[in-house]
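Structure below is data_35.cif: mmCIF, N, CA, C and O atoms.
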```
data_structure
loop_
_atom_site.label_atom_id
_atom_site.label_comp_id
_atom_site.auth_asym_id
_atom_site.auth_seq_id
_atom_site.Cartn_x
_atom_site.Cartn_y
_atom_site.Cartn_z
N MET R 157 -19.63 4.77 10.81
CA MET R 157 -18.42 4.86 10.01
C MET R 157 -17.73 3.50 9.94
O MET R 157 -17.20 3.14 8.91
N ALA R 158 -17.73 2.73 11.01
CA ALA R 158 -17.04 1.44 11.02
C ALA R 158 -17.69 0.43 10.08
O ALA R 158 -17.05 -0.51 9.65
N ARG R 159 -18.95 0.63 9.75
CA ARG R 159 -19.65 -0.31 8.87
C ARG R 159 -19.58 0.10 7.41
O ARG R 159 -20.17 -0.55 6.56
N ASP R 160 -18.89 1.17 7.11
CA ASP R 160 -18.77 1.63 5.74
C ASP R 160 -17.86 0.67 4.97
O ASP R 160 -16.70 0.50 5.32
N PRO R 161 -18.38 0.03 3.91
CA PRO R 161 -17.54 -0.91 3.15
C PRO R 161 -16.33 -0.24 2.51
O PRO R 161 -15.29 -0.88 2.32
N PHE R 162 -16.44 1.03 2.17
CA PHE R 162 -15.31 1.73 1.56
C PHE R 162 -14.16 1.89 2.56
O PHE R 162 -13.00 1.86 2.17
N LEU R 163 -14.50 2.02 3.84
CA LEU R 163 -13.46 2.09 4.88
C LEU R 163 -12.67 0.78 4.92
O LEU R 163 -11.45 0.80 5.08
N ILE R 164 -13.36 -0.33 4.75
CA ILE R 164 -12.69 -1.62 4.74
C ILE R 164 -11.71 -1.69 3.56
O ILE R 164 -10.59 -2.18 3.69
N VAL R 165 -12.12 -1.17 2.40
CA VAL R 165 -11.25 -1.15 1.23
C VAL R 165 -10.02 -0.29 1.50
O VAL R 165 -8.89 -0.66 1.14
N VAL R 166 -10.22 0.85 2.14
CA VAL R 166 -9.10 1.75 2.46
C VAL R 166 -8.12 1.06 3.42
O VAL R 166 -6.91 1.12 3.22
N VAL R 167 -8.65 0.40 4.44
CA VAL R 167 -7.79 -0.29 5.40
C VAL R 167 -7.03 -1.42 4.72
O VAL R 167 -5.83 -1.62 4.96
N LEU R 168 -7.71 -2.18 3.85
CA LEU R 168 -7.04 -3.25 3.12
C LEU R 168 -5.93 -2.70 2.22
O LEU R 168 -4.85 -3.30 2.13
N ALA R 169 -6.17 -1.58 1.58
CA ALA R 169 -5.14 -0.97 0.73
C ALA R 169 -3.93 -0.57 1.56
O ALA R 169 -2.78 -0.77 1.15
N ALA R 170 -4.17 -0.01 2.74
CA ALA R 170 -3.06 0.37 3.62
C ALA R 170 -2.29 -0.87 4.10
O ALA R 170 -1.06 -0.85 4.19
N LEU R 171 -3.00 -1.96 4.37
CA LEU R 171 -2.34 -3.20 4.79
C LEU R 171 -1.52 -3.81 3.65
O LEU R 171 -0.46 -4.40 3.90
N VAL R 172 -2.00 -3.69 2.43
CA VAL R 172 -1.22 -4.16 1.27
C VAL R 172 0.09 -3.38 1.18
O VAL R 172 1.16 -3.97 0.97
N VAL R 173 0.02 -2.07 1.37
CA VAL R 173 1.24 -1.25 1.34
C VAL R 173 2.19 -1.69 2.45
O VAL R 173 3.39 -1.84 2.22
N LEU R 174 1.65 -1.91 3.62
CA LEU R 174 2.48 -2.36 4.74
C LEU R 174 3.13 -3.71 4.44
O LEU R 174 4.32 -3.91 4.71
N GLY R 175 2.37 -4.62 3.86
CA GLY R 175 2.90 -5.93 3.52
C GLY R 175 4.03 -5.84 2.50
O GLY R 175 5.07 -6.50 2.66
N ILE R 176 3.84 -5.04 1.47
CA ILE R 176 4.89 -4.87 0.46
C ILE R 176 6.12 -4.22 1.07
O ILE R 176 7.25 -4.60 0.78
N LEU R 177 5.90 -3.24 1.94
CA LEU R 177 7.02 -2.57 2.60
C LEU R 177 7.82 -3.54 3.46
O LEU R 177 9.06 -3.58 3.39
N LEU R 178 7.13 -4.35 4.23
CA LEU R 178 7.82 -5.32 5.09
C LEU R 178 8.55 -6.37 4.25
O LEU R 178 9.66 -6.80 4.59
N PHE R 179 7.94 -6.79 3.15
CA PHE R 179 8.58 -7.74 2.24
C PHE R 179 9.86 -7.14 1.67
O PHE R 179 10.90 -7.81 1.62
N GLY R 180 9.81 -5.88 1.27
CA GLY R 180 10.99 -5.22 0.73
C GLY R 180 12.08 -5.03 1.77
O GLY R 180 13.26 -5.24 1.49
N ILE R 181 11.69 -4.65 2.97
CA ILE R 181 12.68 -4.49 4.04
C ILE R 181 13.32 -5.83 4.38
O ILE R 181 14.53 -5.92 4.60
N GLY R 182 12.50 -6.89 4.40
CA GLY R 182 13.04 -8.22 4.68
C GLY R 182 14.04 -8.66 3.62
O GLY R 182 15.09 -9.23 3.93
N GLY R 183 13.71 -8.40 2.36
CA GLY R 183 14.64 -8.74 1.29
C GLY R 183 15.91 -7.93 1.36
O GLY R 183 17.00 -8.43 1.11
N PHE R 184 15.77 -6.66 1.70
CA PHE R 184 16.94 -5.79 1.82
C PHE R 184 17.82 -6.24 2.98
O PHE R 184 19.05 -6.21 2.88
N ALA R 185 17.20 -6.65 4.06
CA ALA R 185 17.97 -7.04 5.24
C ALA R 185 18.78 -8.31 4.99
O ALA R 185 19.90 -8.44 5.51
N THR R 186 18.25 -9.22 4.19
CA THR R 186 18.98 -10.46 3.94
C THR R 186 20.09 -10.25 2.92
O THR R 186 21.10 -10.97 2.96
N GLY R 187 19.89 -9.31 1.99
CA GLY R 187 20.91 -9.06 0.98
C GLY R 187 21.09 -10.22 0.03
O GLY R 187 22.17 -10.43 -0.52
N SER R 188 20.04 -10.97 -0.18
CA SER R 188 20.12 -12.17 -1.00
C SER R 188 20.14 -11.84 -2.50
O SER R 188 20.00 -10.69 -2.91
N GLU R 189 20.30 -12.87 -3.29
CA GLU R 189 20.27 -12.72 -4.75
C GLU R 189 18.89 -12.24 -5.21
O GLU R 189 18.78 -11.47 -6.15
N PHE R 190 17.85 -12.70 -4.53
CA PHE R 190 16.49 -12.24 -4.86
C PHE R 190 16.40 -10.73 -4.73
O PHE R 190 15.82 -10.06 -5.58
N ASN R 191 16.98 -10.18 -3.68
CA ASN R 191 16.95 -8.74 -3.47
C ASN R 191 17.68 -8.01 -4.58
O ASN R 191 17.21 -6.98 -5.07
N ARG R 192 18.81 -8.53 -5.00
CA ARG R 192 19.57 -7.87 -6.08
C ARG R 192 18.78 -7.84 -7.37
O ARG R 192 18.86 -6.88 -8.13
N LYS R 193 18.03 -8.89 -7.62
CA LYS R 193 17.28 -8.98 -8.88
C LYS R 193 15.96 -8.23 -8.84
O LYS R 193 15.51 -7.70 -9.85
N HIS R 194 15.30 -8.20 -7.68
CA HIS R 194 13.91 -7.73 -7.64
C HIS R 194 13.66 -6.53 -6.72
O HIS R 194 12.50 -6.14 -6.52
N ALA R 195 14.68 -5.92 -6.17
CA ALA R 195 14.47 -4.82 -5.22
C ALA R 195 13.75 -3.64 -5.88
O ALA R 195 12.82 -3.07 -5.29
N ASN R 196 14.14 -3.28 -7.09
CA ASN R 196 13.50 -2.15 -7.75
C ASN R 196 12.05 -2.44 -8.09
O ASN R 196 11.19 -1.57 -7.99
N LYS R 197 11.77 -3.68 -8.50
CA LYS R 197 10.40 -4.05 -8.83
C LYS R 197 9.50 -3.98 -7.58
O LYS R 197 8.37 -3.49 -7.64
N VAL R 198 10.02 -4.47 -6.46
CA VAL R 198 9.26 -4.42 -5.21
C VAL R 198 9.01 -2.97 -4.80
O VAL R 198 7.92 -2.61 -4.36
N MET R 199 10.02 -2.12 -4.97
CA MET R 199 9.87 -0.71 -4.61
C MET R 199 8.82 -0.04 -5.50
O MET R 199 7.99 0.73 -5.02
N ARG R 200 8.84 -0.36 -6.79
CA ARG R 200 7.83 0.20 -7.69
C ARG R 200 6.43 -0.27 -7.32
O ARG R 200 5.47 0.51 -7.36
N MET R 201 6.31 -1.55 -6.95
CA MET R 201 5.00 -2.07 -6.53
C MET R 201 4.51 -1.32 -5.29
O MET R 201 3.34 -1.00 -5.18
N ARG R 202 5.42 -1.05 -4.36
CA ARG R 202 5.03 -0.33 -3.14
C ARG R 202 4.57 1.08 -3.45
O ARG R 202 3.58 1.57 -2.92
N ILE R 203 5.29 1.74 -4.34
CA ILE R 203 4.93 3.12 -4.68
C ILE R 203 3.56 3.17 -5.36
O ILE R 203 2.73 4.03 -5.05
N ILE R 204 3.31 2.23 -6.25
CA ILE R 204 2.00 2.18 -6.92
C ILE R 204 0.90 1.87 -5.91
O ILE R 204 -0.15 2.53 -5.89
N ALA R 205 1.13 0.89 -5.04
CA ALA R 205 0.13 0.54 -4.02
C ALA R 205 -0.10 1.71 -3.07
O ALA R 205 -1.23 1.98 -2.65
N GLN R 206 0.96 2.43 -2.74
CA GLN R 206 0.83 3.57 -1.85
C GLN R 206 0.04 4.70 -2.51
O GLN R 206 -0.79 5.34 -1.87
N ALA R 207 0.26 4.93 -3.81
CA ALA R 207 -0.51 5.95 -4.52
C ALA R 207 -1.99 5.59 -4.56
O ALA R 207 -2.85 6.45 -4.36
N VAL R 208 -2.28 4.32 -4.79
CA VAL R 208 -3.67 3.87 -4.80
C VAL R 208 -4.28 4.06 -3.41
O VAL R 208 -5.42 4.54 -3.27
N ALA R 209 -3.54 3.69 -2.37
CA ALA R 209 -4.05 3.82 -1.00
C ALA R 209 -4.32 5.29 -0.65
O ALA R 209 -5.36 5.62 -0.06
N VAL R 210 -3.41 6.18 -1.03
CA VAL R 210 -3.61 7.61 -0.76
C VAL R 210 -4.82 8.14 -1.52
O VAL R 210 -5.62 8.90 -0.97
N ALA R 211 -4.97 7.73 -2.77
CA ALA R 211 -6.14 8.16 -3.55
C ALA R 211 -7.43 7.66 -2.90
O ALA R 211 -8.41 8.42 -2.81
N LEU R 212 -7.44 6.42 -2.45
CA LEU R 212 -8.63 5.90 -1.79
C LEU R 212 -8.92 6.63 -0.49
O LEU R 212 -10.08 6.90 -0.16
N ILE R 213 -7.88 6.97 0.26
CA ILE R 213 -8.07 7.74 1.50
C ILE R 213 -8.66 9.11 1.19
O ILE R 213 -9.59 9.57 1.89
N MET R 214 -8.16 9.76 0.16
CA MET R 214 -8.69 11.07 -0.21
C MET R 214 -10.15 10.98 -0.65
O MET R 214 -10.98 11.81 -0.26
N ILE R 215 -10.47 9.96 -1.43
CA ILE R 215 -11.88 9.76 -1.84
C ILE R 215 -12.74 9.51 -0.62
O ILE R 215 -13.85 10.05 -0.51
N PHE R 216 -12.25 8.70 0.32
CA PHE R 216 -13.00 8.42 1.54
C PHE R 216 -13.26 9.71 2.33
O PHE R 216 -14.37 9.95 2.80
N ILE R 217 -12.25 10.56 2.45
CA ILE R 217 -12.41 11.81 3.19
C ILE R 217 -13.42 12.72 2.50
O ILE R 217 -14.32 13.29 3.16
N PHE R 218 -13.32 12.86 1.19
CA PHE R 218 -14.26 13.74 0.47
C PHE R 218 -15.68 13.19 0.55
O PHE R 218 -16.64 13.97 0.63
N ARG R 219 -15.84 11.87 0.52
CA ARG R 219 -17.17 11.27 0.65
C ARG R 219 -17.75 11.55 2.02
O ARG R 219 -18.95 11.80 2.16
N ARG R 220 -16.92 11.47 3.06
CA ARG R 220 -17.41 11.68 4.43
C ARG R 220 -17.79 13.14 4.67
O ARG R 220 -18.67 13.43 5.46
N GLU R 221 -17.10 14.06 4.01
CA GLU R 221 -17.39 15.48 4.20
C GLU R 221 -18.58 15.94 3.37
O GLU R 221 -19.02 17.08 3.50
N GLY R 222 -19.02 15.09 2.47
CA GLY R 222 -20.20 15.43 1.68
C GLY R 222 -19.89 16.19 0.42
O GLY R 222 -20.74 16.91 -0.12
N GLY R 223 -18.72 16.07 -0.12
CA GLY R 223 -18.47 16.70 -1.39
C GLY R 223 -17.22 17.44 -1.44
O GLY R 223 -16.82 18.09 -2.29
#
```
For the file at hand, write its structure as structure tokens.
Amino acid sequence: MARDPFLIVVVLAALVVLGILLFGIGGFATGSEFNRKHANKVMRMRIIAQAVAVALIMIFIFRREGG
């Protein structure tokens, strides 16, 4: 299972979501002008990345179960 290339893609997708989340939290914590201008865009990016990650996880699970 650890050598499955699709697992690597799933883990990378989850890390992308984590990175976007931390970026958004950091911007929110500073309360800077960047946050005022781009907070909604960052949140939308996170939601899209999270949906992709969840879809990839579901595909990975169905592939492992054999259908």
(message) If the PyMOL selection byres ((chain R and resi 161-176) around 7) were run on this exact file, what residues would it hold? Put them as a ChimeraX atom specification.
(response) /R:157-160,177-182,198-199,201-202,205-206,208-209,212-213,216
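For the pair atom O of Ile203 of chain R and atom N of Phe218 of chain R, the interatomic distance is 19.4 Å.
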Would you give the centre and edge lengths, in Å to one decimal, of a box along x, y and z around the listed atoms of segment 193-198 of chain R, with 8 Å added to each side, as JSON?
```
{"center_x": 13.0, "center_y": -5.3, "center_z": -7.1, "size_x": 26.1, "size_y": 23.4, "size_z": 21.5}
```
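Between atom C of Arg220 of chain R and atom O of Ala207 of chain R the separation is 18.7 Å.
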